[in-house]
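> query-v4.txt is the file, holding compact mmCIF, C-alpha atoms:
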```txt
# COMPACT_ATOMS: atom_id res chain seq x y z
CA MET A 1 121.00 114.71 128.39
CA PRO A 2 120.30 110.96 128.35
CA PHE A 3 118.04 109.86 125.53
CA ALA A 4 115.43 108.54 127.94
CA ASP A 5 115.02 112.00 129.44
CA GLY A 6 114.00 113.27 126.04
CA LEU A 7 110.99 110.93 125.89
CA LEU A 8 108.95 113.17 128.19
CA GLY A 9 109.26 110.96 131.21
CA LEU A 10 107.70 107.90 129.60
CA SER A 11 108.05 104.58 131.33
CA ASP A 12 110.62 102.06 130.22
CA ASN A 13 107.97 99.90 128.56
CA GLN A 14 106.54 102.89 126.67
CA GLN A 15 110.02 103.88 125.51
CA LYS A 16 110.66 100.32 124.29
CA VAL A 17 107.39 100.30 122.33
CA ILE A 18 108.19 103.65 120.70
CA LEU A 19 111.71 102.57 119.80
CA ALA A 20 110.41 99.28 118.44
CA ILE A 21 108.17 101.26 116.06
CA VAL A 22 110.42 104.20 115.21
CA LEU A 23 113.70 102.39 114.56
CA PRO A 24 112.40 99.97 111.87
CA VAL A 25 110.57 102.81 110.13
CA ALA A 26 113.66 105.02 110.22
CA THR A 27 115.85 102.17 108.98
CA THR A 28 113.45 101.47 106.10
CA ILE A 29 113.42 105.14 105.09
CA VAL A 30 117.21 105.40 105.21
CA SER A 31 117.58 102.16 103.22
CA PHE A 32 115.13 103.41 100.59
CA VAL A 33 116.87 106.78 100.23
CA VAL A 34 120.36 105.24 100.08
CA GLY A 35 119.21 102.53 97.66
CA ARG A 36 117.58 105.08 95.38
CA TRP A 37 120.69 107.28 95.46
CA TRP A 38 122.95 104.31 94.69
CA GLY A 39 120.71 103.18 91.84
CA ASN A 40 120.71 106.66 90.31
CA TYR A 41 124.48 106.95 90.77
CA ARG A 42 125.12 103.62 89.02
CA ALA A 43 122.79 104.61 86.20
CA ARG A 44 124.69 107.89 85.69
CA VAL A 45 128.05 106.10 85.73
CA GLN A 46 126.83 103.49 83.24
CA TRP A 47 125.50 106.19 80.94
CA ALA A 48 128.73 108.21 81.17
CA ARG A 49 130.75 105.10 80.30
CA LYS A 50 128.18 103.89 77.76
CA ASP A 51 128.38 100.60 79.66
CA PHE A 52 125.19 98.51 79.74
CA LEU A 53 126.71 95.16 80.57
CA GLY A 54 124.03 94.25 83.10
CA ARG A 55 121.59 93.32 80.33
CA ILE A 56 121.70 90.91 77.42
CA ILE A 57 120.12 91.35 74.00
CA VAL A 58 119.40 88.38 71.74
CA SER A 59 119.31 89.41 68.08
CA VAL A 60 119.16 87.66 64.72
CA ASN A 61 121.40 88.84 61.88
CA LEU A 62 119.72 88.65 58.49
CA LEU A 63 121.73 88.82 55.27
CA HIS A 64 119.49 88.93 52.23
CA GLU A 65 119.83 90.63 48.86
CA ASN A 66 123.18 92.18 49.83
CA ARG A 67 121.68 93.88 52.88
CA LEU A 68 122.20 93.43 56.62
CA ARG A 69 119.18 93.60 58.88
CA ILE A 70 119.38 93.21 62.65
CA ARG A 71 116.27 92.23 64.58
CA THR A 72 115.91 91.82 68.35
CA ILE A 73 114.41 88.57 69.59
CA LEU A 74 114.41 89.48 73.28
CA GLU A 75 116.16 91.61 75.91
CA THR A 76 116.50 90.81 79.59
CA THR A 77 118.86 91.07 82.56
CA LEU A 78 121.86 88.80 82.98
CA GLU A 79 120.29 87.44 86.16
CA GLU A 80 117.11 86.46 84.32
CA MET A 81 118.99 84.86 81.43
CA PHE A 82 121.52 83.08 83.66
CA PRO A 83 119.86 82.04 86.96
CA ASN A 84 123.22 81.25 88.51
CA ALA A 85 125.31 83.89 90.27
CA ARG A 86 128.60 82.31 89.24
CA VAL A 87 127.62 82.30 85.56
CA VAL A 88 126.66 85.99 85.78
CA GLU A 89 130.12 86.72 87.24
CA VAL A 90 131.79 84.83 84.37
CA ILE A 91 129.75 86.73 81.76
CA ARG A 92 130.52 90.11 83.33
CA ALA A 93 134.24 89.33 83.53
CA ALA A 94 134.35 88.07 79.94
CA SER A 95 132.46 91.11 78.63
CA HIS A 96 135.12 93.44 80.02
CA LYS A 97 137.85 91.53 78.16
CA THR A 98 136.39 92.15 74.71
CA THR A 99 137.78 94.80 72.38
CA VAL A 100 136.58 96.74 69.34
CA ASP A 101 138.52 94.37 67.06
CA ASN A 102 137.52 91.23 68.94
CA PRO A 103 134.04 91.46 70.49
CA MET A 104 133.76 87.69 71.00
CA MET A 105 133.56 86.75 74.68
CA PRO A 106 136.56 84.73 75.90
CA ILE A 107 134.91 81.86 77.79
CA ASP A 108 136.75 78.80 79.06
CA LYS A 109 136.18 75.77 76.87
CA GLU A 110 134.76 73.65 79.69
CA ASP A 111 132.16 76.35 80.49
CA CYS A 112 130.96 77.15 76.96
CA TRP A 113 128.24 74.57 76.51
CA PHE A 114 126.83 75.12 79.99
CA ILE A 115 126.61 78.90 79.53
CA LEU A 116 125.35 78.89 75.94
CA ASN A 117 122.71 76.31 76.79
CA PHE A 118 121.01 78.85 79.07
CA VAL A 119 120.66 81.16 76.07
CA LEU A 120 119.61 78.40 73.68
CA ASN A 121 116.82 77.23 76.01
CA ARG A 122 115.53 80.77 76.49
CA VAL A 123 115.54 81.49 72.75
CA ALA A 124 113.89 78.14 71.99
CA GLU A 125 110.90 79.25 74.08
CA GLU A 126 110.24 82.02 71.55
CA PHE A 127 109.80 79.46 68.77
CA SER A 128 108.07 76.60 70.59
CA PRO A 129 104.84 76.75 68.50
CA GLY A 130 106.84 75.71 65.43
CA VAL A 131 108.12 72.61 67.22
CA ILE A 132 104.56 71.57 68.10
CA LYS A 133 103.48 72.12 64.48
CA MET A 134 106.33 69.92 63.27
CA ASP A 135 105.43 67.20 65.78
CA ALA A 136 101.81 67.37 64.63
CA GLY A 137 102.89 66.73 61.05
CA LEU A 138 102.03 70.22 59.86
CA PRO A 139 104.26 71.92 57.26
CA VAL A 140 107.04 74.00 58.77
CA THR A 141 110.23 75.70 57.60
CA LYS A 142 113.32 74.82 59.61
CA THR A 143 116.40 77.02 59.81
CA VAL A 144 119.51 76.22 61.84
CA TYR A 145 121.08 79.16 63.65
CA ALA A 146 124.39 79.47 65.44
CA ILE A 147 124.19 81.19 68.84
CA PHE A 148 127.25 82.92 70.29
CA LEU A 149 128.07 85.59 72.88
CA THR A 150 129.66 88.97 72.25
CA ALA A 151 130.13 92.31 73.98
CA GLU A 152 130.30 94.75 71.10
CA GLN A 153 131.46 98.34 71.44
CA VAL A 154 129.05 99.98 69.02
CA GLY A 155 129.04 103.32 67.22
CA GLU A 156 131.18 106.40 67.66
CA GLU A 157 130.42 106.48 71.39
CA ARG A 158 131.35 102.79 71.68
CA ILE A 159 128.29 101.74 73.66
CA ARG A 160 128.97 98.39 75.33
CA LYS A 161 126.28 95.72 75.57
CA VAL A 162 126.24 91.97 76.08
CA ARG A 163 124.68 90.32 73.07
CA ALA A 164 123.73 86.78 72.16
CA MET A 165 123.79 86.70 68.38
CA MET A 166 122.03 84.39 65.95
CA LEU A 167 123.37 83.74 62.46
CA LYS A 168 122.38 81.05 59.98
CA LYS A 169 124.81 78.14 60.17
CA GLU A 170 125.72 78.27 56.49
CA LEU A 171 126.62 81.97 56.79
CA LEU A 172 128.87 81.25 59.76
CA GLU A 173 130.61 78.50 57.80
CA ASN A 174 131.02 80.63 54.70
CA PHE A 175 130.64 84.31 55.60
CA PRO A 176 129.87 86.24 52.40
CA TYR A 177 131.54 89.53 53.36
CA PRO A 178 135.11 88.70 54.43
CA ASP A 179 136.48 92.00 53.11
CA SER A 180 133.49 93.99 51.84
CA MET A 181 130.31 95.54 53.21
CA PRO A 182 126.68 94.79 52.40
CA GLU A 183 124.09 97.55 52.36
CA LEU A 184 123.45 98.73 55.94
CA GLU A 185 120.21 99.97 57.50
CA ASN A 186 122.28 102.22 59.79
CA HIS A 187 125.87 103.31 59.35
CA TRP A 188 126.93 101.94 62.74
CA HIS A 189 125.85 98.46 61.65
CA GLY A 190 129.26 98.23 60.02
CA ASP A 191 130.44 97.24 63.50
CA ARG A 192 128.16 94.19 63.31
CA ILE A 193 129.79 93.02 60.09
CA VAL A 194 133.16 93.22 61.89
CA THR A 195 131.68 91.09 64.67
CA LEU A 196 130.27 88.52 62.26
CA ARG A 197 133.59 88.27 60.43
CA ARG A 198 135.31 87.63 63.73
CA ALA A 199 132.70 85.03 64.67
CA ALA A 200 133.23 83.19 61.37
CA ALA A 201 136.98 83.14 61.98
CA MET A 202 136.56 81.98 65.58
CA TYR A 203 134.23 79.18 64.52
CA ARG A 204 137.07 77.59 62.56
CA THR A 205 139.42 77.64 65.57
CA ASN A 206 137.09 77.63 68.59
CA PRO A 207 133.84 75.84 67.67
CA GLU A 208 133.03 75.37 71.35
CA LEU A 209 132.01 79.05 71.47
CA PHE A 210 128.91 78.23 69.40
CA LEU A 211 125.71 76.23 69.86
CA PHE A 212 123.16 75.49 67.16
CA LEU A 213 119.40 75.82 67.35
CA GLY A 214 116.94 74.52 64.79
CA VAL A 215 114.09 77.03 64.51
CA CYS A 216 110.78 75.83 63.06
CA ILE A 217 108.14 78.25 61.84
```
Starting from the file, lay out its structure as structure tokens.

Amino acid sequence: MPFADGLLGLSDNQQKVILAIVLPVATTIVSFVVGRWWGNYRARVQWARKDFLGRIIVSVNLLHENRLRIRTILETTLEEMFPNARVVEVIRAASHKTTVDNPMMPIDKEDCWFILNFVLNRVAEEFSPGVIKMDAGLPVTKTVYAIFLTAEQVGEERIRKVRAMMLKKELLENFPYPDSMPELENHWHGDRIVTLRRAAAMYRTNPELFLFLGVCI
């Protein structure tokens, strides 16, 4: 039976009005259901793979009194950190090339400054009051941090996350634990010491993978 016959003998204009209302509503509902299903499916796949490479965590690594402490500065999506689709593609591709032994992101030399500068500018926002204090002639403490990108595979389950790490410049230049471990807050933080060792080694051969930020507080 033709579709028009199923509309109870309505006129052509009435059928057009009904279709103009029903079709967009139906399309919206289908899009919502499919989008929700796809989002849930991707979330399950990411959890099964322990792959969270769509987000980036900025953390500072503190080494004091023979103890490692890791503190998060901020966490956001790659798209929010890098407002450029091509840069996001580069970060995703580089994150998949990292290994347990080498979590440093392999980024082309000509792209390093451009990509790291996104991170540096975002992190600098967190410490802007200190800059104003310094400009006003008020007493501040300034510390220079190296910023670099990794995609660690952490813990026994090897959870993968994109991380922008901060480490004091002098520790990067002379890492105090080349073959030993400091006291750890959590046992899986041993993976971070491996990462920091690798970063110190890479700094000597590939300094372009690092940018430096002076933090005033």
> Kindly give the distance, in Å, that separates CA of Leu53 in chain A and CA of Glu173 in chain A, rounded to a single decimal.
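It comes out at 28.5 Å.
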> Kindly provide the residues of range 36-132 of chain A that approach range 175-198 of chain A to within 6 Å, each paired with its closest atom pair and their distance in Å to one decimal, based on all atoms listed in the file, listed by chain and increasing number, as a tab-separated table.

```
residue	atom	partner	partner_atom	distance
A:Asn66	CA	A:Pro182	CA	5.1
A:Arg67	CA	A:Glu183	CA	4.4
A:Leu68	CA	A:Leu184	CA	5.5
```
> Tell me, in Å to one decimal, how far CA of Val162 in chain A is from CA of Cys216 in chain A.
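Result for CA of Val162 in chain A versus CA of Cys216 in chain A: 25.9 Å, one decimal.
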> Between A:Ala164, A:Val215, A:Ile56, A:Val22, single out the one closest to Val144 in chain A, counting all atoms listed in the file.
A:Val215
> Which of these residues is nearest to Ala93 in chain A, using only C-alpha atoms: A:Gly54, A:Val60, A:Glu110, A:Ala124?
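Looking only at the distances to Ala93 in chain A, the closest residue turns out to be A:Gly54.
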> Would you pick out the contacts of range 94-108 of chain A at 6 Å or less, using all atoms listed in the file, so that residues sharing its chain but fewer than 2 positions from it are not included, and give the list as a list in words?
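Those residues are Ile91, Arg92, Glu110, Asp111, Leu149, Thr150, Ala151, Glu152 and Gln153 of chain A.
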> Any chance you can output those residues with C-alpha atoms as a tab-separated table (two decimals), keeping the file's coordinate frame?

```tsv
chain	number	residue	atom	x	y	z
A	91	ILE	CA	129.75	86.73	81.76
A	92	ARG	CA	130.52	90.11	83.33
A	110	GLU	CA	134.76	73.65	79.69
A	111	ASP	CA	132.16	76.35	80.49
A	149	LEU	CA	128.07	85.59	72.88
A	150	THR	CA	129.66	88.97	72.25
A	151	ALA	CA	130.13	92.31	73.98
A	152	GLU	CA	130.30	94.75	71.10
A	153	GLN	CA	131.46	98.34	71.44
```
> Determine the nearest neighbour of Phe127 in chain A from the options A:Ala146, A:Ile217, A:Val88, A:Leu209, counting all atoms listed in the file.
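The shortest atom-to-atom distance to Phe127 in chain A comes from A:Ile217.
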